[in-house]
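Student: start_0.csv is the file, holding CSV, C-alpha atoms:
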chain,number,residue,atom,x,y,z
V,123,MET,CA,-156.1,159.2,-33.6
V,124,SER,CA,-155.2,162.7,-32.4
V,125,GLU,CA,-158.3,164.8,-31.6
V,126,ASP,CA,-156.1,167.9,-31.8
V,127,GLN,CA,-155.1,166.9,-35.3
V,128,LEU,CA,-158.7,166.4,-36.3
V,129,LYS,CA,-159.8,169.7,-34.8
V,130,SER,CA,-157.0,171.4,-36.5
V,131,VAL,CA,-158.0,170.1,-39.9
V,132,MET,CA,-161.7,170.9,-39.4
V,133,ALA,CA,-160.9,174.4,-38.1
V,134,ALA,CA,-158.8,175.1,-41.1
V,135,MET,CA,-161.2,173.8,-43.7
V,136,LEU,CA,-164.4,175.2,-42.1
V,137,GLY,CA,-163.0,178.5,-41.1
V,138,ILE,CA,-163.7,178.2,-37.3
V,139,GLU,CA,-161.5,178.1,-34.2
V,140,ALA,CA,-160.3,174.7,-33.1
V,141,ALA,CA,-161.2,175.5,-29.5
V,142,GLN,CA,-164.8,175.9,-30.6
V,143,ILE,CA,-165.0,172.3,-32.0
V,144,GLY,CA,-166.7,169.7,-29.9
V,145,PRO,CA,-169.6,167.2,-29.9
V,146,GLU,CA,-172.1,169.9,-31.0
V,147,THR,CA,-170.1,170.9,-34.0
V,148,SER,CA,-172.1,170.0,-37.1
V,149,THR,CA,-173.6,171.3,-40.3
V,150,ASP,CA,-176.4,172.7,-38.2
V,151,THR,CA,-174.1,174.8,-36.1
V,152,VAL,CA,-171.5,175.9,-38.7
V,153,PRO,CA,-173.5,178.0,-41.3
V,154,GLN,CA,-170.6,178.2,-43.8
V,155,TRP,CA,-170.2,174.4,-43.9
V,156,ASP,CA,-171.4,174.0,-47.5
V,157,SER,CA,-170.7,171.4,-50.2
V,158,VAL,CA,-167.4,172.9,-51.4
V,159,ARG,CA,-166.0,173.3,-47.9
V,160,HIS,CA,-167.2,169.8,-47.2
V,161,MET,CA,-165.3,168.2,-50.0
V,162,ASN,CA,-162.2,170.2,-49.1
V,163,LEU,CA,-162.6,168.9,-45.6
V,164,VAL,CA,-162.9,165.3,-46.8
V,165,ILE,CA,-159.8,165.6,-48.9
V,166,ALA,CA,-157.8,167.3,-46.1
V,167,LEU,CA,-158.9,164.5,-43.7
V,168,GLU,CA,-157.8,161.8,-46.1
V,169,GLU,CA,-154.4,163.5,-46.6
V,170,SER,CA,-153.8,164.3,-42.9
V,171,PHE,CA,-154.8,160.8,-41.6
V,172,GLY,CA,-153.6,158.7,-44.6
V,173,ILE,CA,-157.1,157.2,-45.1
V,174,THR,CA,-159.6,156.9,-47.9
V,175,ILE,CA,-163.2,157.8,-47.1
V,176,PRO,CA,-165.6,155.7,-49.2
V,177,ASP,CA,-167.7,157.7,-51.7
V,178,ASP,CA,-170.9,156.5,-50.1
V,179,GLU,CA,-169.9,157.8,-46.7
V,180,VAL,CA,-168.7,161.2,-47.8
V,181,ALA,CA,-172.2,162.8,-47.6
V,182,THR,CA,-172.8,161.4,-44.1
V,183,LEU,CA,-169.9,163.2,-42.4
V,184,THR,CA,-171.9,166.0,-41.1
V,185,SER,CA,-170.7,166.4,-37.5
V,186,TYR,CA,-167.6,166.2,-35.4
V,187,PRO,CA,-168.6,162.9,-33.6
V,188,ILE,CA,-169.5,161.2,-36.9
V,189,ILE,CA,-166.2,162.3,-38.5
V,190,ARG,CA,-164.2,161.2,-35.5
V,191,MET,CA,-165.9,157.8,-35.6
V,192,THR,CA,-165.4,157.4,-39.3
V,193,ILE,CA,-161.7,158.2,-39.1
V,194,GLU,CA,-161.3,155.7,-36.3
V,195,GLU,CA,-163.0,153.0,-38.3
V,196,GLN,CA,-160.9,153.7,-41.4
V,197,LEU,CA,-157.7,153.7,-39.3
V,198,ALA,CA,-158.7,150.4,-37.8
V,199,ASP,CA,-159.5,148.9,-41.2
V,200,GLY,CA,-156.2,150.2,-42.7
Y,89,MET,CA,-184.2,190.4,-53.3
Y,90,GLY,CA,-186.7,189.1,-50.7
Y,91,ASP,CA,-189.8,187.1,-51.7
Y,92,VAL,CA,-191.6,189.9,-53.5
Y,93,GLY,CA,-193.0,188.3,-56.7
Y,94,ALA,CA,-191.9,184.8,-55.7
Y,95,ALA,CA,-193.8,182.1,-57.6
Y,96,THR,CA,-195.6,179.4,-55.7
Y,97,THR,CA,-193.5,176.3,-56.1
Y,98,PRO,CA,-194.7,173.5,-53.7
Y,99,ALA,CA,-192.7,170.7,-55.3
Y,100,LEU,CA,-189.5,172.8,-55.3
Y,101,ASP,CA,-190.1,173.7,-51.7
Y,102,ARG,CA,-190.5,170.0,-50.9
Y,103,LEU,CA,-187.1,169.3,-52.6
Y,104,GLU,CA,-185.5,172.1,-50.7
Y,105,ALA,CA,-186.9,170.9,-47.4
Y,106,ARG,CA,-185.5,167.4,-48.1
Y,107,PHE,CA,-182.1,168.8,-48.8
Y,108,ARG,CA,-182.1,170.7,-45.5
Y,109,THR,CA,-182.9,167.5,-43.5
Y,110,ALA,CA,-181.1,164.8,-45.5
Y,111,SER,CA,-178.2,166.4,-47.1
Y,112,PRO,CA,-177.3,169.6,-45.1
Y,113,VAL,CA,-174.2,170.5,-47.1
Y,114,PHE,CA,-176.5,171.2,-50.0
Y,115,ARG,CA,-179.1,172.9,-47.8
Y,116,ASP,CA,-178.7,176.3,-49.6
Y,117,ALA,CA,-178.4,174.8,-53.1
Y,118,VAL,CA,-182.0,175.6,-54.1
Y,119,ARG,CA,-182.1,179.0,-52.5
Y,120,ARG,CA,-178.8,180.0,-54.0
Y,121,THR,CA,-179.7,178.9,-57.5
Y,122,ARG,CA,-183.1,180.6,-57.2
Y,123,ASP,CA,-181.5,183.8,-56.3
Y,124,THR,CA,-179.1,183.5,-59.3
Y,125,LEU,CA,-181.6,182.3,-61.9
Y,126,GLY,CA,-184.9,183.8,-60.8
Y,127,GLU,CA,-188.5,182.8,-60.7
Y,128,GLY,CA,-188.7,181.5,-64.2
Y,129,TRP,CA,-186.2,178.9,-63.3
Y,130,ALA,CA,-188.1,178.1,-60.1
Y,131,VAL,CA,-191.3,177.5,-62.0
Y,132,GLN,CA,-189.7,175.2,-64.6
Y,133,PHE,CA,-187.9,173.2,-61.9
Y,134,ASP,CA,-191.0,173.0,-59.8
Y,135,GLU,CA,-192.9,171.5,-62.8
Y,136,LEU,CA,-190.1,169.0,-63.4
Y,137,ILE,CA,-190.2,167.8,-59.8
Y,138,ALA,CA,-194.0,167.7,-59.6
Y,139,ARG,CA,-194.2,165.6,-62.7
Y,140,LEU,CA,-191.2,163.3,-62.4
Y,141,LEU,CA,-190.6,163.1,-58.6
Y,142,SER,CA,-194.2,163.0,-57.5
Y,143,ASP,CA,-193.9,161.4,-54.1
Y,144,ASP,CA,-191.7,161.8,-51.1
Y,145,GLU,CA,-189.8,158.6,-51.8
Y,146,ALA,CA,-188.8,159.8,-55.3
Y,147,VAL,CA,-187.7,163.2,-53.9
Y,148,ALA,CA,-185.6,161.4,-51.2
Y,149,GLN,CA,-183.9,159.2,-53.7
Y,150,ALA,CA,-183.2,162.1,-56.0
Y,151,VAL,CA,-181.7,164.2,-53.1
Y,152,SER,CA,-179.6,161.3,-52.0
Y,153,GLY,CA,-178.5,160.6,-55.6
Y,154,TYR,CA,-177.7,164.2,-56.2
Y,155,ALA,CA,-175.6,164.5,-53.1
Y,156,ARG,CA,-173.5,161.4,-54.1
Y,157,PHE,CA,-173.3,162.6,-57.7
Y,158,ALA,CA,-172.2,166.2,-56.8
Y,159,LEU,CA,-169.8,165.2,-54.1
Y,160,ASP,CA,-168.2,162.6,-56.4
Y,161,ALA,CA,-167.8,165.4,-59.0
Y,162,LEU,CA,-166.3,167.8,-56.4
Y,163,ARG,CA,-163.8,165.2,-55.3
Y,164,LEU,CA,-162.8,164.4,-58.9
Y,165,GLN,CA,-162.6,168.2,-59.8
Y,166,ALA,CA,-160.3,168.8,-56.9
Y,167,ARG,CA,-158.0,166.0,-58.2
Y,168,PHE,CA,-158.3,167.4,-61.7
Y,169,GLU,CA,-157.2,170.9,-60.4
Y,170,GLN,CA,-154.0,169.3,-59.0
Y,171,THR,CA,-153.2,167.0,-61.9
Y,172,GLY,CA,-154.6,168.8,-64.9
Y,173,VAL,CA,-156.0,165.6,-66.4
Y,174,TYR,CA,-159.0,163.4,-65.9
Y,175,VAL,CA,-158.7,160.0,-64.2
Y,176,GLU,CA,-157.5,157.7,-66.9
Y,177,GLN,CA,-160.1,155.2,-67.9
Y,178,SER,CA,-161.7,153.9,-71.1
Y,179,HIS,CA,-165.2,154.1,-72.4
Y,180,GLY,CA,-165.4,150.3,-72.0
Y,181,ASP,CA,-164.4,150.6,-68.3
Y,182,VAL,CA,-167.1,153.3,-67.7
Y,183,SER,CA,-169.8,151.4,-69.6
Y,184,LYS,CA,-169.4,148.4,-67.2
Y,185,ALA,CA,-169.0,150.4,-64.0
Y,186,VAL,CA,-171.7,153.1,-64.7
Y,187,TYR,CA,-174.0,152.6,-67.7
Y,188,ALA,CA,-174.6,148.9,-67.2
Y,189,ASN,CA,-174.9,149.3,-63.4
Y,190,ASP,CA,-178.7,149.7,-63.1
Y,191,ASP,CA,-178.6,150.2,-59.3
Y,192,TYR,CA,-176.1,153.0,-59.5
Y,193,MET,CA,-177.7,154.5,-62.6
Y,194,THR,CA,-181.2,154.5,-61.1
Y,195,SER,CA,-180.4,155.5,-57.5
Y,196,CYS,CA,-177.6,157.9,-58.1
Y,197,TYR,CA,-176.4,158.8,-61.5
Y,198,LEU,CA,-179.7,159.6,-63.4
Y,199,PRO,CA,-181.4,161.5,-60.5
Y,200,GLY,CA,-178.2,163.3,-59.8
Y,201,LEU,CA,-177.7,164.2,-63.4
Y,202,LEU,CA,-181.3,165.4,-63.6
Y,203,LEU,CA,-181.1,167.7,-60.6
Y,204,SER,CA,-177.7,169.0,-61.7
Y,205,ASN,CA,-179.2,170.3,-64.9
Y,206,TYR,CA,-181.3,172.7,-62.9
Y,207,LEU,CA,-179.1,173.3,-59.7
Y,208,TRP,CA,-175.9,174.1,-61.7
Y,209,PRO,CA,-176.6,177.5,-63.3
Y,210,HIS,CA,-174.3,176.9,-66.3
Y,211,HIS,CA,-176.2,173.7,-67.2
Y,212,TYR,CA,-179.5,175.5,-66.9
Y,213,ARG,CA,-178.2,178.3,-69.1
Y,214,GLN,CA,-177.4,175.7,-71.7
Y,215,ILE,CA,-181.0,174.5,-71.4
Y,216,ARG,CA,-182.2,178.0,-72.1
Y,217,PHE,CA,-179.9,178.3,-75.1
Y,218,PHE,CA,-181.5,175.1,-76.5
Y,219,GLU,CA,-185.0,176.4,-75.7
Y,220,THR,CA,-184.5,179.8,-77.3
Y,221,THR,CA,-182.5,178.9,-80.4
Y,222,PHE,CA,-182.9,175.3,-81.5
Y,223,VAL,CA,-186.5,174.5,-80.5
Y,224,PRO,CA,-187.9,177.6,-82.1
Y,225,GLU,CA,-186.1,176.7,-85.3
Y,226,MET,CA,-187.6,173.2,-85.1
Y,227,VAL,CA,-191.0,174.8,-84.8
Y,228,ARG,CA,-190.4,177.3,-87.7
Y,229,ARG,CA,-189.2,174.6,-90.1
Y,230,GLY,CA,-192.0,172.1,-89.0
Y,231,ALA,CA,-189.6,169.4,-87.7
Y,232,GLU,CA,-191.2,166.0,-88.1
Y,233,ARG,CA,-188.7,163.7,-86.4
Y,234,PHE,CA,-185.4,164.1,-84.5
Y,235,TYR,CA,-182.7,161.9,-83.0
Y,236,ASP,CA,-181.4,162.4,-79.5
Y,237,VAL,CA,-178.2,160.4,-79.3
Y,238,GLY,CA,-177.3,159.6,-75.7
Y,239,VAL,CA,-180.5,160.5,-74.0
Y,240,GLY,CA,-179.3,160.4,-70.4
Y,241,THR,CA,-182.3,161.5,-68.4
Y,242,GLY,CA,-184.3,162.3,-71.5
Y,243,LEU,CA,-184.2,166.0,-70.6
Y,244,TYR,CA,-183.4,167.4,-74.1
Y,245,SER,CA,-185.8,165.0,-75.8
Y,246,ARG,CA,-188.6,166.2,-73.6
Y,247,LEU,CA,-187.8,169.9,-74.1
Y,248,ALA,CA,-187.9,169.3,-77.9
Y,249,LEU,CA,-191.1,167.3,-77.8
Y,250,VAL,CA,-192.9,169.7,-75.5
Y,251,GLY,CA,-191.6,172.7,-77.4
Y,252,THR,CA,-192.4,171.3,-80.9
Y,253,PRO,CA,-196.0,169.9,-80.9
Y,254,GLY,CA,-196.3,167.3,-83.6
Y,255,THR,CA,-192.7,166.3,-83.8
Y,256,ARG,CA,-191.6,162.7,-83.0
Y,257,GLY,CA,-188.5,161.8,-81.1
Y,258,VAL,CA,-186.2,158.9,-81.5
Y,259,GLY,CA,-183.8,158.5,-78.6
Y,260,ILE,CA,-180.7,156.3,-78.8
Y,261,ASP,CA,-178.7,155.1,-75.9
Y,262,ILE,CA,-176.6,152.2,-74.8
Y,263,SER,CA,-177.9,152.1,-71.3
Y,264,PRO,CA,-181.2,150.3,-70.4
Y,265,SER,CA,-181.5,152.4,-67.3
Y,266,SER,CA,-181.3,155.6,-69.4
Y,267,LYS,CA,-183.9,154.3,-71.8
Y,268,ALA,CA,-186.3,153.5,-69.0
Y,269,PHE,CA,-185.7,156.9,-67.3
Y,270,ALA,CA,-186.0,158.9,-70.5
Y,271,GLU,CA,-189.2,157.2,-71.5
Y,272,ARG,CA,-190.7,157.8,-68.1
Y,273,HIS,CA,-189.6,161.4,-68.3
Y,274,ALA,CA,-191.5,161.9,-71.6
Y,275,LEU,CA,-194.6,160.1,-70.3
Y,276,ALA,CA,-194.6,162.4,-67.2
Y,277,PHE,CA,-194.8,165.4,-69.5
Y,278,GLY,CA,-197.5,163.9,-71.7
Y,279,VAL,CA,-195.4,163.4,-74.8
Y,280,GLY,CA,-194.5,159.7,-74.4
Y,281,GLY,CA,-196.7,158.8,-77.3
Y,282,ARG,CA,-194.4,160.7,-79.7
Y,283,TYR,CA,-191.2,159.2,-78.3
Y,284,GLU,CA,-189.3,156.0,-78.3
Y,285,VAL,CA,-185.8,155.1,-77.2
Y,286,GLY,CA,-183.8,152.3,-78.8
Y,287,LEU,CA,-180.8,150.6,-77.3
Y,288,ARG,CA,-178.2,150.9,-80.0
Y,289,ASP,CA,-174.6,151.6,-80.5
Y,290,ILE,CA,-174.5,153.8,-83.6
Y,291,ALA,CA,-170.9,152.8,-84.3
Y,292,THR,CA,-171.9,149.2,-85.1
Y,293,ASN,CA,-175.6,149.7,-85.9
Y,294,PRO,CA,-176.1,152.9,-87.9
Y,295,VAL,CA,-179.4,154.5,-88.7
Y,296,GLU,CA,-181.0,156.4,-91.6
Y,297,PRO,CA,-180.4,160.2,-91.6
Y,298,LEU,CA,-183.0,162.7,-90.3
Y,299,ASP,CA,-183.2,166.5,-90.5
Y,300,TRP,CA,-182.8,167.1,-86.8
Y,301,LEU,CA,-180.3,165.7,-84.3
Y,302,ILE,CA,-179.6,166.4,-80.6
Y,303,CYS,CA,-176.5,165.1,-78.8
Y,304,VAL,CA,-175.8,166.6,-75.4
Y,305,GLU,CA,-173.0,165.6,-73.0
Y,306,VAL,CA,-171.8,162.5,-74.8
Y,307,LEU,CA,-168.5,163.6,-76.5
Y,308,GLU,CA,-166.6,163.9,-73.2
Y,309,HIS,CA,-167.6,160.3,-72.3
Y,310,LEU,CA,-165.8,158.9,-75.4
Y,311,ASP,CA,-162.3,157.7,-76.2
Y,312,ASP,CA,-162.5,159.1,-79.8
Y,313,PRO,CA,-165.0,161.9,-80.1
Y,314,VAL,CA,-164.1,162.7,-83.7
Y,315,ALA,CA,-165.0,159.3,-84.9
Y,316,PHE,CA,-168.3,159.6,-83.1
Y,317,LEU,CA,-168.9,163.1,-84.6
Y,318,ARG,CA,-168.4,161.6,-88.0
Y,319,LEU,CA,-171.1,159.1,-87.2
Y,320,LEU,CA,-173.4,161.9,-86.1
Y,321,ARG,CA,-172.7,163.8,-89.3
Y,322,GLY,CA,-173.9,160.7,-91.2
Y,323,MET,CA,-177.1,160.7,-89.2
Y,324,LEU,CA,-177.9,164.3,-90.3
Y,325,SER,CA,-179.6,164.8,-93.7
Y,326,PRO,CA,-178.2,167.5,-96.0
Y,327,GLY,CA,-179.7,170.9,-94.8
Y,328,GLY,CA,-180.4,169.4,-91.4
Y,329,LEU,CA,-179.5,171.0,-88.1
Y,330,ALA,CA,-177.9,169.5,-85.0
Y,331,PHE,CA,-177.5,170.6,-81.4
Y,332,ILE,CA,-174.3,169.3,-79.9
Y,333,GLY,CA,-173.2,170.0,-76.4
Y,334,THR,CA,-170.3,168.9,-74.2
Y,335,ALA,CA,-168.5,169.7,-71.0
Y,336,LEU,CA,-165.1,171.4,-70.6
Y,337,ASN,CA,-162.7,171.1,-67.7
Y,338,ALA,CA,-165.3,169.2,-65.7
Y,339,ALA,CA,-164.2,166.0,-64.0
Y,340,ASN,CA,-166.8,163.4,-63.4
Y,341,ALA,CA,-167.0,159.6,-62.8
Y,342,ASP,CA,-167.5,159.0,-66.5
Y,343,HIS,CA,-165.7,161.8,-68.2
Y,344,ILE,CA,-162.9,160.5,-70.3
Y,345,TYR,CA,-162.0,163.0,-73.1
Y,346,LEU,CA,-160.8,166.4,-71.8
Y,347,TYR,CA,-161.8,169.4,-73.7
Y,348,ARG,CA,-160.0,172.5,-72.3
Y,349,THR,CA,-161.6,175.2,-74.6
Y,350,MET,CA,-164.5,175.7,-76.9
Y,351,ASP,CA,-162.1,175.8,-79.8
Y,352,ASP,CA,-161.1,172.2,-79.0
Y,353,VAL,CA,-164.7,171.3,-79.8
Y,354,ARG,CA,-165.0,173.6,-82.8
Y,355,ILE,CA,-161.9,172.0,-84.4
Y,356,GLN,CA,-163.4,168.5,-84.0
Y,357,LEU,CA,-166.8,169.6,-85.3
Y,358,ALA,CA,-165.0,170.9,-88.4
Y,359,GLN,CA,-163.0,167.7,-88.8
Y,360,ALA,CA,-166.3,165.7,-88.8
Y,361,GLY,CA,-167.7,167.9,-91.5
Y,362,PHE,CA,-170.0,170.1,-89.5
Y,363,THR,CA,-170.4,173.9,-89.9
Y,364,VAL,CA,-171.1,175.9,-86.8
Y,365,GLU,CA,-174.1,178.1,-87.1
Y,366,GLN,CA,-174.3,179.3,-83.4
Y,367,SER,CA,-172.5,178.6,-80.2
Y,368,PHE,CA,-172.9,179.0,-76.5
Y,369,GLY,CA,-170.6,178.7,-73.5
Y,370,ALA,CA,-171.2,179.1,-69.8
Y,371,THR,CA,-168.9,178.5,-66.8
Y,372,ALA,CA,-169.7,177.2,-63.3
Y,373,GLY,CA,-168.3,180.4,-61.8
Y,374,ALA,CA,-165.3,182.7,-61.7
Y,375,PRO,CA,-161.9,181.1,-61.6
Y,376,ARG,CA,-160.2,181.1,-58.2
Y,377,ALA,CA,-156.8,181.7,-59.9
Y,378,LEU,CA,-155.4,182.0,-63.3
Y,379,SER,CA,-154.1,178.4,-63.3
Y,380,VAL,CA,-157.3,176.8,-61.9
Y,381,PRO,CA,-159.6,175.4,-64.6
Y,382,VAL,CA,-163.3,176.1,-64.2
Y,383,PRO,CA,-166.0,173.6,-65.4
Y,384,GLU,CA,-167.9,174.8,-68.4
Y,385,VAL,CA,-170.6,173.7,-70.8
Y,386,ALA,CA,-170.3,174.4,-74.5
Y,387,ALA,CA,-173.1,173.9,-77.0
Y,388,PHE,CA,-173.2,174.3,-80.8
Y,389,VAL,CA,-175.9,174.5,-83.4
Y,390,VAL,CA,-174.3,172.9,-86.4
Y,391,SER,CA,-175.3,172.1,-90.0
As structure tokens, please, write out the structure in this file.

Tutor:
Amino acid sequence: MSEDQLKSVMAAMLGIEAAQIGPETSTDTVPQWDSVRHMNLVIALEESFGITIPDDEVATLTSYPIIRMTIEEQLADG
Amino acid sequence: MGDVGAATTPALDRLEARFRTASPVFRDAVRRTRDTLGEGWAVQFDELIARLLSDDEAVAQAVSGYARFALDALRLQARFEQTGVYVEQSHGDVSKAVYANDDYMTSCYLPGLLLSNYLWPHHYRQIRFFETTFVPEMVRRGAERFYDVGVGTGLYSRLALVGTPGTRGVGIDISPSSKAFAERHALAFGVGGRYEVGLRDIATNPVEPLDWLICVEVLEHLDDPVAFLRLLRGMLSPGGLAFIGTALNAANADHIYLYRTMDDVRIQLAQAGFTVEQSFGATAGAPRALSVPVPEVAAFVVS
């Protein structure tokens, strides 16, 4: 999985600079990360990485480390 | 606006705190809706939470259920915006996957549906339409009994029972989970003694007509709403009044029939033999573009 690809998608969907994204990036540090941006992010991640994020995991994707781990798991399962 | 004149709402504050810690993408949902709908909304919602979600565990489950319910809806709405149609499925498929799935109904669907009726302004505005038009008419005419077909969380049954002292409610649903939730809802508001819910499919097991009928957000869950509306017409006595609501352009896990405009519903009501006395529509927000459909509720008082 390309971290640059992940940061690029998150930057575009959350309206922040890719260079700012790191381990601390989360719903706590990005004020505009609301439910609509969140779902747009989930859909963009699925399209970009060719994965399907299970419904019961969608709400848990609240930080860069969790999202990275989830994508890695989904790619490994795929 | 600030907090000048803000009502004391300890239960709502507890819900908001839970959203902030457990479901941060919805951390502003309560504040944003409060700013939009005001302190009257906050007081009503606070009472609901205090009565029905009376401990931390119940609040936690409702927040979790709402997050799943609302994110599911957002995902399906995004797909609907691209395709222009709902995901193809039948009422039989949905009944098995959703209504007969007690774990999903109890932990996600019903708590999520309950909170969405207050957190989604267009749904709350429909509640207010019901409270300010239909319920006063029930009081004025001395309503003795009403049907609520498809009780869901029991919200509209409870509003009718609380708003019309003396009336008795007969709820009808196909889901045991909804029956249990709606009866608990009525009990929590002290009106359980005037309320019962029967598990019944009115298509195969019809009932005697009454003067009052409520049916909110059922039509969009059906394969053939007109056939169902004809059954409802047969459940309403001559001179009776019904409150019928549905959702337009609103994708959801169990939405099957796509209504695009209020006129789509009006036409079906007429086909079933109803006369529209009053109507109400409210959208979830402004459209992002001309071609992008916006979720909407539509409610009709019909005779």

Student: If the cut-off is 8 Å, can you tell me the residues of chain Y near chain V, counting only C-alpha atoms? I'd like them as a PyMOL selection string.

Tutor: chain Y and resi 111-116+155-156+159-160+162-163

Student: Tell me which protein, DNA and RNA residues are within 12 Å of Glu169 in chain V, counting all atoms listed in the file, leaving out same-chain ones fewer than 5 positions away, and put them as a list in words.

Tutor: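 In the requested form, the answer reads Gln127, Leu128, Val131, Asn162, Leu163, Val164, Thr174, Ile175 and Ile193 of chain V.
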
Student: Which neighbours of Asp126 in chain V fall inside 10 Å, counting all atoms listed in the file, when residues of the same chain fewer than 6 positions from it are skipped, and could you give them as a PyMOL selection string?

Tutor: chain V and resi 132+140-141+143

Student: Please provide the set of residues having any atom within 8 Å of Asp311 in chain Y, restricted to all atoms listed in the file, with same-chain residues fewer than 2 positions apart removed, written as a PyMOL selection string.

Tutor: chain Y and resi 178-179+309+313+344-345

Student: Given the choices V:Ile189, V:Ile173, V:Ala198, V:Leu167, which gets closest to Met135 in chain V if the distance is worked out from only C-alpha atoms?

Tutor: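 Closest residue, counting only C-alpha atoms: V:Leu167.
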
Student: So how far away is CA of Val118 in chain Y from CA of Glu104 in chain Y, in Å?

Tutor: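 The value is 6.0 Å.
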
Student: What is the CA of Ala130 in chain Y to CA of Thr96 in chain Y distance in Å?

Tutor: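 About the pair CA of Ala130 in chain Y and CA of Thr96 in chain Y: they are 8.8 Å apart.
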
Student: Dump as a Markdown table the rows for residues of range 109-188 of chain Y within 12 Å of range 378-385 of chain Y: closest atom pair and distance in Å with one decimal, all atoms listed in the file counted, ordered by chain and rising residue number.

Tutor:
| residue | atom | partner | partner_atom | distance |
| --- | --- | --- | --- | --- |
| Y:Ala161 | CA | Y:Pro383 | CA | 10.6 |
| Y:Leu162 | CA | Y:Pro383 | CA | 10.7 |
| Y:Leu164 | CA | Y:Pro383 | CA | 11.7 |
| Y:Gln165 | CA | Y:Pro383 | CA | 8.5 |
| Y:Ala166 | CA | Y:Val380 | CA | 9.9 |
| Y:Arg167 | CA | Y:Val380 | CA | 11.4 |
| Y:Phe168 | CA | Y:Pro381 | CA | 8.6 |
| Y:Glu169 | CA | Y:Val380 | CA | 6.1 |
| Y:Gln170 | CA | Y:Val380 | CA | 8.7 |
| Y:Thr171 | CA | Y:Val380 | CA | 10.6 |
| Y:Gly172 | CA | Y:Pro381 | CA | 8.3 |
| Y:Val173 | CA | Y:Pro381 | CA | 10.6 |

Student: Provide the CA of Leu207 in chain Y to CA of Trp129 in chain Y distance in Å, to one decimal place.

Tutor: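 Computing the Euclidean distance for CA of Leu207 in chain Y and CA of Trp129 in chain Y yields 9.7 Å.
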
Student: Here's a test: counting all atoms listed in the file, identify every protein, DNA and RNA residue with an atom at most 8 Å from (-189.5, 171.1, -58.9) in the file's coordinate frame, and state them as a list in words.

Tutor: Thr97, Pro98, Ala99, Leu100, Asp101, Leu103, Ala130, Val131, Gln132, Phe133, Asp134, Glu135, Leu136, Ile137 and Ala138 of chain Y

Student: Around (-168.4, 163.9, -34.6), as given in the file, which residues come within 9 Å? Count all atoms listed in the file and list them as a PDB file with C-alpha atoms, in the frame of the given file.

Tutor:
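Contents of the output file result_5.pdb:
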ATOM      1  CA  GLY V 144    -166.700 169.700 -29.900  1.00  0.00           C
ATOM      2  CA  PRO V 145    -169.600 167.200 -29.900  1.00  0.00           C
ATOM      3  CA  GLU V 146    -172.100 169.900 -31.000  1.00  0.00           C
ATOM      4  CA  THR V 147    -170.100 170.900 -34.000  1.00  0.00           C
ATOM      5  CA  SER V 148    -172.100 170.000 -37.100  1.00  0.00           C
ATOM      6  CA  LEU V 183    -169.900 163.200 -42.400  1.00  0.00           C
ATOM      7  CA  THR V 184    -171.900 166.000 -41.100  1.00  0.00           C
ATOM      8  CA  SER V 185    -170.700 166.400 -37.500  1.00  0.00           C
ATOM      9  CA  TYR V 186    -167.600 166.200 -35.400  1.00  0.00           C
ATOM     10  CA  PRO V 187    -168.600 162.900 -33.600  1.00  0.00           C
ATOM     11  CA  ILE V 188    -169.500 161.200 -36.900  1.00  0.00           C
ATOM     12  CA  ILE V 189    -166.200 162.300 -38.500  1.00  0.00           C
ATOM     13  CA  ARG V 190    -164.200 161.200 -35.500  1.00  0.00           C
ATOM     14  CA  MET V 191    -165.900 157.800 -35.600  1.00  0.00           C
ATOM     15  CA  THR V 192    -165.400 157.400 -39.300  1.00  0.00           C
TER      16      THR V 192
END

Student: Which residues, written as a PyMOL selection string, have at least one atom at most 10 Å from range 356-359 of chain Y, with only C-alpha atoms counted and residues fewer than 6 positions away on the same chain left out?

Tutor: chain Y and resi 313-315+317-318+321+332+388+390

Student: Would you mind completing range 158-165 of chain Y so that it carries N, CA and C atoms, and writing it out as a PDB file, keeping the file's coordinate frame?

Tutor:
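The resulting file, result.pdb, is shown below:
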ATOM      1  N   ALA Y 158    -172.919 164.848 -56.874  1.00  0.00           N
ATOM      2  CA  ALA Y 158    -172.200 166.200 -56.800  1.00  0.00           C
ATOM      3  C   ALA Y 158    -170.959 166.073 -55.986  1.00  0.00           C
ATOM      4  N   LEU Y 159    -170.989 165.305 -54.896  1.00  0.00           N
ATOM      5  CA  LEU Y 159    -169.800 165.200 -54.100  1.00  0.00           C
ATOM      6  C   LEU Y 159    -168.705 164.387 -54.826  1.00  0.00           C
ATOM      7  N   ASP Y 160    -169.124 163.369 -55.560  1.00  0.00           N
ATOM      8  CA  ASP Y 160    -168.200 162.600 -56.400  1.00  0.00           C
ATOM      9  C   ASP Y 160    -167.496 163.620 -57.387  1.00  0.00           C
ATOM     10  N   ALA Y 161    -168.322 164.458 -58.001  1.00  0.00           N
ATOM     11  CA  ALA Y 161    -167.800 165.400 -59.000  1.00  0.00           C
ATOM     12  C   ALA Y 161    -166.844 166.406 -58.320  1.00  0.00           C
ATOM     13  N   LEU Y 162    -167.193 166.876 -57.119  1.00  0.00           N
ATOM     14  CA  LEU Y 162    -166.300 167.800 -56.400  1.00  0.00           C
ATOM     15  C   LEU Y 162    -164.973 167.179 -56.073  1.00  0.00           C
ATOM     16  N   ARG Y 163    -165.027 165.934 -55.654  1.00  0.00           N
ATOM     17  CA  ARG Y 163    -163.800 165.200 -55.300  1.00  0.00           C
ATOM     18  C   ARG Y 163    -162.899 165.075 -56.555  1.00  0.00           C
ATOM     19  N   LEU Y 164    -163.517 164.643 -57.659  1.00  0.00           N
ATOM     20  CA  LEU Y 164    -162.800 164.400 -58.900  1.00  0.00           C
ATOM     21  C   LEU Y 164    -162.269 165.781 -59.454  1.00  0.00           C
ATOM     22  N   GLN Y 165    -163.069 166.844 -59.278  1.00  0.00           N
ATOM     23  CA  GLN Y 165    -162.600 168.200 -59.800  1.00  0.00           C
ATOM     24  C   GLN Y 165    -161.423 168.641 -58.972  1.00  0.00           C
TER      25      GLN Y 165
END
